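**Student:** A single structure is presented below for examination.
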Amino acid sequence: MPVLRADELVFILPEIILAATALLVLLADAFAGEERQPGERRDWIGYLAVAGIVAAMVAVRREPPEAGTILAGMVARDGFAAFFKAVFLIATALVALISIDYVARRRIAAGEYFCLLLLATTGALFMAGAASLLTFYVGLELLSLSSYALAGLMREDPRSQEASLKYFLNGALSSGILLFGISLLYGATGTFDLMELARRVQELAGAGTNAGPWPLLVLGAAFVIAGLGFKAGAVPFHLWLPDAYQGAPTPITAYLAVASEGAAFAAIVRVFFTAFEDAGAVWQTAFLLLAVLTMTVANVAALRQVDVKRLMAYSSIAHAGYILAAVGAGSDLSRPAVLYYVMAYVFMNIGAFAVITALQAQGEGEQLRDYAGLGRREPVLAALLVLFLVSLIGLPLTAGFMAKVMVFQALIADGNYWLPVVIALNSVVSVGYYYNLVRYMYVVPSEKEPVPDAPVQVPAPVWTVLAVCAFFTLALAFWPDVFLRWTSVSTLAMAGF
Amino acid sequence: MSASLPYLSLILGVPALGALITMLLPREAKQAIRVLGTVVLAVPLVLVAAVWAGYDPTVPGPQFVERYDWIPSLGAQYFLGVDGISLALVALTALVAPLAAIASWNIEHRAKEYWVLLQFLVVGIFGVFLALDYLLFYVFFELSLIPMYFLIGIWGGPRRDYAAIKFFIYTLVGSIVLIVGILALYFLTGANSFDMIELAQRAPAAVPEALKVPLFFLLLAGFAIKTPMWPVHTWLPDAHVEAPTPISVILAAVLLKMGTYGMMRITWPTLPDVARELSGVLAAFGVIAIVYGAFTALGQRDFKRLVAYSSVSQMGFVVLALAAAAGAPSAGLEPAIAASAAQAASSAAVFMMVAHGLASALLFLLVGFWYDRTHTRDFDKLGGMFRTTPVGATFLGIAAFANLGLPGFSTFIGEFFSLMGTLPVFPVAVYCALVGLVGAAMYNLTMLQRVAMGRPRPEYEGLPDVTGRELVTFVPLVAGMLVLFWYPGVLMEILNAPVTQFVAKLGGM
């Protein structure tokens with residue numbers, strides 16, 4: 001029987017470090033006693049969390065000796081896992097850095113906040129490396145339960161409470177659906193192991209689609225798609241998302257959009273490209289339909305939003321739609337495109353949220369009209385936000401453009417010409433709301449004319465995040481090859497291929 | 001003719017560097033920013049002169065080529081080069097950009113941002129004319145879009161908010177569709193390269209018949225909107241009316257040419273069969289633009305709107321000529337006549353682009369000239385300017401006669417050869433276009449009459465006439481229009497070889 005071996009544990013060292021840091025953060029906060037003075041800031045807790053994340057990042061083994069599984073086939077040891085772990089850790093570090101000031105100023109308990117953030121990320125890392133449906137479900141639950149609590153951490157804000165409750169109820173339902181799907185798959189194939197599942201699917205596909213447990217398998221896959229669709233924010237499973245994103249603390253909104261959705265996509269790619277490789281025709285069409293529905297509904301709904309977080313919530317749904325299109329493309333370029341998109345989305349979305357967080361930390365910037373005159377009041381901050389929004393639209397010389405090019409490539413390589421046109425038209429619709437923000441910053445005059453000269457307080461960690469995000473938003477476009485090589489190498493070295 | 005210096009990169013690099021340096025200057029140093037910006041935008045003129053001097057007119061392909069790997073895994077390259085067609089438009093840009101810069105000196109509101117965006121805009125325009133790699137071309141095509149949005153949106157007139165977003169969305173629809181077309185072409189040819197020349201050579205054989213027409217429209221939409229072809233022209237009058245004067249100048253003189261240049265460089269050579277099949281439809285669209293533009297211009301009360309619709313009409317001649325060049329091989333003519341008609345029409349298309357660039361730049365500068373002084377563009381509130389500001393009114397007279405196609409100015413040659421090349425191919429289209437020419441005479445003379453003639457208005461008494469700075473912007477344009485009429489060979493010489501090659505490609509045999 002398997003025992004824990006040091007040479008195997010080394011591959012889940014990042015998860016171990018994160019979980020340990022989470023406990024350390026909680027303990028340190030407890031020993032520091034209750035916050036007595038109203039003005040007390042515990043920024044050091046945030047920095048402790050960041051240190052733990054950086055240590056975990058160092059521990060990610062980029063190049064495992066060979067792709068395979070460890071811990072009795074529960075966890076995959078491959079480039080794909082390493083890629084997503086690195087991306088989630090970077091995303092979490094950036095979110096932690098923009099959280100420090102926000103948490104202090106909005107009076108959120110720092111110990112709980114950073115502990116939950118680290119635990120959520122631990123779950124995301126397990127999802128990235130899951131080689132069995134069980135590991136992957138446990139990882140998802142860890143991520144989800146931590147996220148529900150994170151969304152509700154602003155205890156005095158009823159919207160935060162509402163967000164948490166809605167998120168929890170819908171999340172619990174989706175977990176149930178997902179678990180039901182997994183049980184159907186188990187019933188059809190008798191295994192949780194993705195590689196074993198792949199072999200059974202191959203056999204069943206060879207035997208013809210009416211044979212034995214095939215309908216059960218398809219039903220199970222459909223439930224898994226629905227369950228993961230909830231997490232990824234795919235339409236029609238998205239109804240909880242705008243409320244949850246609007247009410248959650250702003251950095252957590254950013255976190256949910258990049259890490260939680262990213263983990264859902266890591267799982268989707270892992271499950272469907274490993275286990276259901278031989279039943280491609282069935283699920284590809286499903287994902288393409290979901291993609292069209294998701295991006296179109298989200299982009300149209302976003303046009304009417306006046307609350308910036310809600311707007312960004314619909315934006316994240318729209319981007320989930322673009323990524324779903326890459327998943328459904330089913331060509332060799334699909335997986336690199338998904339990876340590239342998730343990576344690009346991390347930088348451009350957290351970048352945009354860094355600006356929004358800086359404003360919301362001081363209690364403004366919730367509504368679109370709060371951005372009026374920002375171009376004159378804070379030229380650098382406004383210009384950076386324009387860069388990130390331009391990237392979110394997908395205009396050239398930004399990461400978002402290259403990411404969309406990758407998705408187009410994946411689709412066109414598969415002979416699909418209509419979906420790129422749909423994505424293109426969706427990008428145009430998205431201009432309507434992204435540029436609305438730009439319009440407010442530069443064109444619409446501020447109600448507080450003459451422009452208030454009270455500067456926005458941007459602490460050093462937020463500047464760091466802005467610089468990193470801006471650098472990568474441009475670097476992914478100017479030197480895409482460096483990153484492309486990484487995404488293709490990572491997908492080639494996927495266990496089970 | 002070997003290039004010792006990377007001239008083309010310098011043409012792009014100097015304004016880009018200027019924009020970056022301007023960013024670092026303090027916003028109070030307006031005068032320094034203006035001087036720097038003007039100098040930086042004048043440098044490409046010198047560089048273009050050097051390129052023109054070293055250009056070998058007997059070689060049809062691209063010259064001064066610079067080629068480096070950019071994204072090896074996709075096969076995208078940093079690939080620049082000029083042939084006669086692009087050189088003509090690069091030279092036009094290099095002439096108009098510094099004039100627009102000089103005309104921008106009176107911008108006081110947020111001057112620093114204005115100059116940064118202006119310089120980036122010019123980089124984008126140069127890049128479109130210089131790039132020979134699809135992806136690079138596309139990057140520059142879009143790069144010109146964002147500064148334009150802000151330049152109209154921040155420094156524009158009362159309805160700038162609406163005009164800027166309308167411009168942005170129209171152009172973006174076209175360009176996003178264009179990238180789908182480019183990627184489709186890239187995959188269908190399987191060349192693993194974005195090299196425009198190579199893809200154009202491979203495309204006719206590689207693209208399946210069923211996909212040719214859809215692909216043609218993907219590659220046409222962006223350029224049709226930019227040109228702008230009727231009926232997707234409606235963004236243009238709004239953008240022009242709201243844009244500040246120097247930006248209107250750049251918009252009309254060079255930005256629109258990106259559309260027709262794209263058709264000549266990409267759409268036509270890549271899918272010549274489809275261009276030939278659809279040439280009748282394209283010619284019809286060209287004629288509609290000519291006639292519709294002219295008579296709509298006639299009905300305007302706003303000086304600037306009139307000039308904007310005149311652009312729609314004039315660009316119609318370019319589209320008509322390009323349609324004729326595409327349609328010539330299938331018009332049932334003798335091969336020699338078909339070839340010479342196509343040759344004349346194609347050269348005329350480029351000539352017309354340059355001629356319209358000069359004339360429209362002058363007209364928009366003059367609109368700005370009176371607007372600065374009277375704060376109105378309403379014809380009912382203007383008049384008698386021959387008495388009030390005689391020098392300015394004289395320039396308006398020159399511009400009006402040049403724009404209506406009077407012999408003596410370059411527009412005449414452009415229009416004449418467009419129609420001459422089109423006549424054997426689409427005779428009916430030419431008869432209809434003649435109606436448009438009558439309309440052109442009517443709106444240009446109406447414009448002259450309502451602004452310059454009549455009783456001088458007492459409220460404008462003592463209005464200052466043309467200043468030295470304004471004279472510097474007017475004179476080169478007039479000189480250009482005259483030189484190109486009396487010595488058309490200057491331009492025709494460099495166009496000859498590349499246009500012959502273009503026509504051969506359209507022949508499709």
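If you're wondering about the labels, chains in the structure tokens are A, B, ... by order shown, residues count from 1 in each chain, ligands from 1 in order shown.
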Compute the chain B side of the contact with chain A at 8 Å, counting only C-alpha atoms, and hand it back as a CSV table (one decimal) with N, CA and C atoms, in the first residue's frame.

**Tutor:**
chain,number,residue,atom,x,y,z
B,70,TRP,N,10.0,38.2,-35.1
B,70,TRP,CA,9.3,38.8,-34.0
B,70,TRP,C,8.7,37.7,-33.1
B,71,ILE,N,7.8,36.9,-33.7
B,71,ILE,CA,7.2,35.8,-32.9
B,71,ILE,C,7.5,34.5,-33.7
B,72,PRO,N,8.7,33.9,-33.6
B,72,PRO,CA,9.0,32.8,-34.5
B,72,PRO,C,8.0,31.7,-34.5
B,73,SER,N,7.4,31.4,-33.4
B,73,SER,CA,6.5,30.2,-33.3
B,73,SER,C,5.3,30.5,-34.2
B,138,TYR,N,-1.5,44.9,-38.7
B,138,TYR,CA,-2.7,45.0,-37.9
B,138,TYR,C,-2.5,45.8,-36.6
B,139,VAL,N,-1.3,45.5,-36.0
B,139,VAL,CA,-1.0,46.2,-34.8
B,139,VAL,C,-1.0,47.7,-35.1
B,142,GLU,N,-4.5,49.2,-35.7
B,142,GLU,CA,-5.2,49.5,-34.4
B,142,GLU,C,-4.6,50.6,-33.6
B,143,LEU,N,-3.2,50.6,-33.7
B,143,LEU,CA,-2.5,51.6,-32.9
B,143,LEU,C,-3.0,53.1,-33.3
B,150,PHE,N,-9.1,59.3,-28.3
B,150,PHE,CA,-8.9,60.4,-27.3
B,150,PHE,C,-8.8,61.8,-27.9
B,153,GLY,N,-12.2,62.6,-28.5
B,153,GLY,CA,-13.0,62.6,-27.3
B,153,GLY,C,-12.6,63.7,-26.3
B,154,ILE,N,-11.4,64.1,-26.2
B,154,ILE,CA,-11.0,65.1,-25.2
B,154,ILE,C,-10.9,66.5,-25.8
B,161,ASP,N,-18.2,63.4,-27.3
B,161,ASP,CA,-18.4,62.1,-26.7
B,161,ASP,C,-19.0,61.1,-27.6
B,169,ILE,N,-16.2,52.6,-32.4
B,169,ILE,CA,-16.9,51.3,-32.6
B,169,ILE,C,-16.9,51.0,-34.1
B,172,LEU,N,-13.5,49.8,-35.1
B,172,LEU,CA,-13.2,48.5,-34.4
B,172,LEU,C,-13.9,47.3,-35.0
B,173,VAL,N,-15.2,47.5,-35.4
B,173,VAL,CA,-15.9,46.4,-36.0
B,173,VAL,C,-15.1,45.9,-37.2
B,176,ILE,N,-11.6,44.3,-36.3
B,176,ILE,CA,-11.7,43.0,-35.6
B,176,ILE,C,-12.1,41.9,-36.6
B,177,VAL,N,-13.0,42.3,-37.5
B,177,VAL,CA,-13.3,41.4,-38.6
B,177,VAL,C,-12.1,41.1,-39.4
B,180,VAL,N,-9.8,38.4,-38.1
B,180,VAL,CA,-10.4,37.0,-38.3
B,180,VAL,C,-10.0,36.6,-39.8
B,183,LEU,N,-6.3,35.8,-39.9
B,183,LEU,CA,-5.9,34.5,-39.3
B,183,LEU,C,-6.5,33.3,-40.2
B,184,ALA,N,-7.6,33.5,-40.8
B,184,ALA,CA,-8.2,32.5,-41.7
B,184,ALA,C,-7.2,32.3,-42.9
B,187,PHE,N,-4.1,30.4,-41.8
B,187,PHE,CA,-4.3,28.9,-41.6
B,187,PHE,C,-4.6,28.2,-42.9

**Student:** As a PyMOL selection string, please: all residues of segment 143-336 of chain B that backbone DSSP puts in alpha helix (DSSP H).

**Tutor:** chain B and resi 143+145-155+160-189+196-206+209-226+235-242+245-250+257-262+268-270+272-277+279-298+303-327+335-336

**Student:** Can I get the selected residues back with C-alpha atoms, as a compact mmCIF listing (two decimals), in the first residue's frame?

**Tutor:**
# COMPACT_ATOMS: atom_id res chain seq x y z
CA LEU B 143 -2.53 51.64 -32.91
CA LEU B 145 -7.32 53.95 -33.46
CA ILE B 146 -6.78 54.55 -29.75
CA PRO B 147 -5.04 57.95 -29.96
CA MET B 148 -7.70 59.06 -32.41
CA TYR B 149 -10.42 58.19 -29.92
CA PHE B 150 -8.85 60.36 -27.25
CA LEU B 151 -7.94 63.17 -29.64
CA ILE B 152 -11.57 63.49 -30.69
CA GLY B 153 -12.98 62.61 -27.27
CA ILE B 154 -10.97 65.09 -25.19
CA TRP B 155 -10.18 67.95 -27.56
CA ARG B 160 -17.23 64.82 -29.01
CA ASP B 161 -18.40 62.09 -26.66
CA TYR B 162 -20.78 60.67 -29.25
CA ALA B 163 -18.51 61.24 -32.23
CA ALA B 164 -15.48 59.63 -30.59
CA ILE B 165 -17.23 56.45 -29.52
CA LYS B 166 -18.99 56.19 -32.89
CA PHE B 167 -15.66 56.47 -34.68
CA PHE B 168 -14.13 53.93 -32.33
CA ILE B 169 -16.87 51.33 -32.63
CA TYR B 170 -17.25 51.61 -36.41
CA THR B 171 -13.55 51.26 -37.00
CA LEU B 172 -13.17 48.53 -34.43
CA VAL B 173 -15.90 46.38 -36.00
CA GLY B 174 -14.00 46.55 -39.26
CA SER B 175 -10.61 45.87 -37.83
CA ILE B 176 -11.67 42.98 -35.61
CA VAL B 177 -13.31 41.35 -38.59
CA LEU B 178 -10.05 41.98 -40.44
CA ILE B 179 -8.02 40.01 -37.90
CA VAL B 180 -10.36 37.04 -38.33
CA GLY B 181 -9.77 37.29 -42.07
CA ILE B 182 -6.01 37.51 -41.59
CA LEU B 183 -5.93 34.46 -39.33
CA ALA B 184 -8.17 32.52 -41.69
CA LEU B 185 -5.78 33.34 -44.51
CA TYR B 186 -2.84 32.34 -42.35
CA PHE B 187 -4.30 28.93 -41.63
CA LEU B 188 -5.69 28.24 -45.07
CA THR B 189 -2.37 28.89 -46.76
CA MET B 196 1.87 39.75 -46.96
CA ILE B 197 3.58 39.08 -50.26
CA GLU B 198 3.91 35.37 -49.68
CA LEU B 199 0.36 34.95 -48.44
CA ALA B 200 -0.99 36.89 -51.40
CA GLN B 201 0.89 34.57 -53.76
CA ARG B 202 -0.35 31.43 -52.09
CA ALA B 203 -3.92 32.52 -51.38
CA PRO B 204 -5.57 32.01 -54.81
CA ALA B 205 -4.54 28.36 -54.88
CA ALA B 206 -4.88 27.62 -51.18
CA GLU B 209 -13.68 28.21 -53.62
CA ALA B 210 -16.49 28.20 -51.10
CA LEU B 211 -14.54 30.36 -48.66
CA LYS B 212 -13.23 32.90 -51.14
CA VAL B 213 -16.14 35.30 -51.07
CA PRO B 214 -16.57 35.27 -47.25
CA LEU B 215 -12.83 35.77 -46.85
CA PHE B 216 -12.90 38.64 -49.31
CA PHE B 217 -15.54 40.37 -47.22
CA LEU B 218 -13.58 39.74 -44.02
CA LEU B 219 -10.57 41.38 -45.62
CA LEU B 220 -12.65 44.20 -47.10
CA ALA B 221 -14.87 45.26 -44.19
CA GLY B 222 -12.20 47.04 -42.17
CA PHE B 223 -10.90 48.96 -45.14
CA ALA B 224 -14.37 49.80 -46.43
CA ILE B 225 -15.24 51.39 -43.10
CA LYS B 226 -11.96 53.28 -42.95
CA TRP B 235 -19.01 57.96 -38.67
CA LEU B 236 -16.97 60.32 -40.83
CA PRO B 237 -19.06 63.52 -40.80
CA ASP B 238 -19.52 63.22 -37.03
CA ALA B 239 -15.86 62.56 -36.35
CA HIS B 240 -14.76 65.38 -38.65
CA VAL B 241 -17.11 67.94 -37.27
CA GLU B 242 -16.16 67.26 -33.67
CA THR B 245 -8.68 71.12 -36.79
CA PRO B 246 -5.26 69.37 -36.93
CA ILE B 247 -6.89 66.04 -36.23
CA SER B 248 -9.45 66.56 -38.97
CA VAL B 249 -6.53 67.29 -41.26
CA ILE B 250 -4.80 64.04 -40.40
CA LYS B 257 -6.08 56.38 -47.17
CA MET B 258 -5.33 53.47 -44.88
CA GLY B 259 -8.60 52.00 -46.16
CA THR B 260 -7.95 52.26 -49.87
CA TYR B 261 -4.30 51.37 -49.36
CA GLY B 262 -5.40 48.21 -47.54
CA TRP B 268 -7.33 42.88 -54.20
CA PRO B 269 -3.99 41.04 -54.62
CA THR B 270 -4.96 38.28 -52.19
CA PRO B 272 -8.10 38.84 -57.38
CA ASP B 273 -10.77 36.46 -58.72
CA VAL B 274 -13.31 37.61 -56.19
CA ALA B 275 -12.37 41.25 -56.73
CA ARG B 276 -13.00 40.69 -60.46
CA GLU B 277 -16.33 38.96 -59.92
CA SER B 279 -15.98 44.57 -59.43
CA GLY B 280 -19.34 45.69 -60.77
CA VAL B 281 -20.81 45.88 -57.27
CA LEU B 282 -17.73 47.64 -55.94
CA ALA B 283 -17.87 50.15 -58.78
CA ALA B 284 -21.52 50.77 -57.99
CA PHE B 285 -20.63 51.49 -54.38
CA GLY B 286 -17.89 53.85 -55.57
CA VAL B 287 -20.31 55.73 -57.82
CA ILE B 288 -22.95 55.95 -55.11
CA ALA B 289 -20.33 57.46 -52.79
CA ILE B 290 -19.31 60.00 -55.46
CA VAL B 291 -22.83 61.15 -56.23
CA TYR B 292 -24.30 60.81 -52.76
CA GLY B 293 -21.29 62.50 -51.14
CA ALA B 294 -21.40 65.41 -53.56
CA PHE B 295 -25.09 66.14 -53.25
CA THR B 296 -25.17 65.63 -49.51
CA ALA B 297 -22.27 68.08 -49.25
CA LEU B 298 -24.34 70.53 -51.22
CA PHE B 303 -18.74 74.37 -43.36
CA LYS B 304 -16.91 71.39 -41.86
CA ARG B 305 -19.68 68.92 -42.60
CA LEU B 306 -19.59 69.99 -46.22
CA VAL B 307 -15.87 69.28 -46.43
CA ALA B 308 -16.42 65.93 -44.69
CA TYR B 309 -18.99 64.83 -47.25
CA SER B 310 -16.66 66.04 -49.97
CA SER B 311 -14.19 63.43 -48.63
CA VAL B 312 -16.81 60.71 -48.98
CA SER B 313 -17.35 61.79 -52.58
CA GLN B 314 -13.67 62.05 -53.49
CA MET B 315 -12.75 58.71 -51.94
CA GLY B 316 -15.47 57.25 -54.13
CA PHE B 317 -13.24 57.97 -57.13
CA VAL B 318 -10.50 55.87 -55.57
CA VAL B 319 -12.87 52.96 -54.96
CA LEU B 320 -14.29 53.28 -58.48
CA ALA B 321 -10.80 53.23 -60.00
CA LEU B 322 -9.80 50.21 -57.94
CA ALA B 323 -13.00 48.40 -58.97
CA ALA B 324 -12.22 49.16 -62.62
CA ALA B 325 -8.68 47.86 -62.23
CA ALA B 326 -10.06 44.62 -60.82
CA GLY B 327 -12.79 44.32 -63.42
CA PRO B 335 -5.93 42.37 -73.57
CA ALA B 336 -3.78 45.38 -74.39

**Student:** Identify, on the basis of only C-alpha atoms, every residue whose closest approach to Ala82 of chain A does not exceed 12 Å; exclude the query and any residue fewer than 3 positions from it along the same chain; express the result as a VMD selection string.

**Tutor:** chain A and resid 11 to 15 56 to 64 67 75 to 79 85 to 89 125 to 130 266 339 486 to 487 489 to 491 493 to 495

**Student:** Could you work out how far atom CA of Asp83 of chain B lies from atom CA of Pro498 of chain B, giving the answer in Å with one decimal?

**Tutor:**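 Atom CA of Asp83 of chain B lies 6.5 Å from atom CA of Pro498 of chain B.
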
**Student:** Which of segment 74-217 of chain A end up as strand (DSSP E or B) when DSSP is run on this backbone - answer as a PyMOL selection string?

**Tutor:** chain A and resi 75-77+130+132+193

**Student:** Could you dump the residues just selected with C-alpha atoms as a PDB file, in the first residue's frame?

**Tutor:**
ATOM      1  CA  VAL A  75      -2.176  13.696  -7.752  1.00  0.00           C
ATOM      2  CA  ALA A  76      -0.613  14.402 -11.132  1.00  0.00           C
ATOM      3  CA  ARG A  77       3.003  15.351 -11.436  1.00  0.00           C
ATOM      4  CA  ALA A 130      -5.736  16.469  -9.555  1.00  0.00           C
ATOM      5  CA  SER A 132      -8.508  11.656  -9.717  1.00  0.00           C
ATOM      6  CA  ASP A 193      -8.905   7.808 -11.714  1.00  0.00           C
TER       7      ASP A 193
END

**Student:** Within 7 Å of Ala355 of chain B, counting only C-alpha atoms, which residues show up once you throw out same-chain ones fewer than 3 positions away? Write them as a list in words, please.

**Tutor:**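 Contacts, with the query itself left out: Phe351, Met352, Leu358, Ala359, Ser410, Thr411, Gly414 and Met481 of chain B.
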
**Student:** Limited to C-alpha atoms, could you put the picked residues into a file as a compact mmCIF listing (two decimals), in the first residue's frame?

**Tutor:**
# COMPACT_ATOMS: atom_id res chain seq x y z
CA PHE B 351 -2.66 59.66 -57.43
CA MET B 352 -6.16 60.52 -56.28
CA LEU B 358 -3.48 67.66 -50.14
CA ALA B 359 -6.81 69.28 -51.01
CA SER B 410 -3.51 67.56 -58.83
CA THR B 411 -7.12 66.49 -58.17
CA GLY B 414 -6.53 61.96 -60.22
CA MET B 481 -1.13 70.42 -55.67
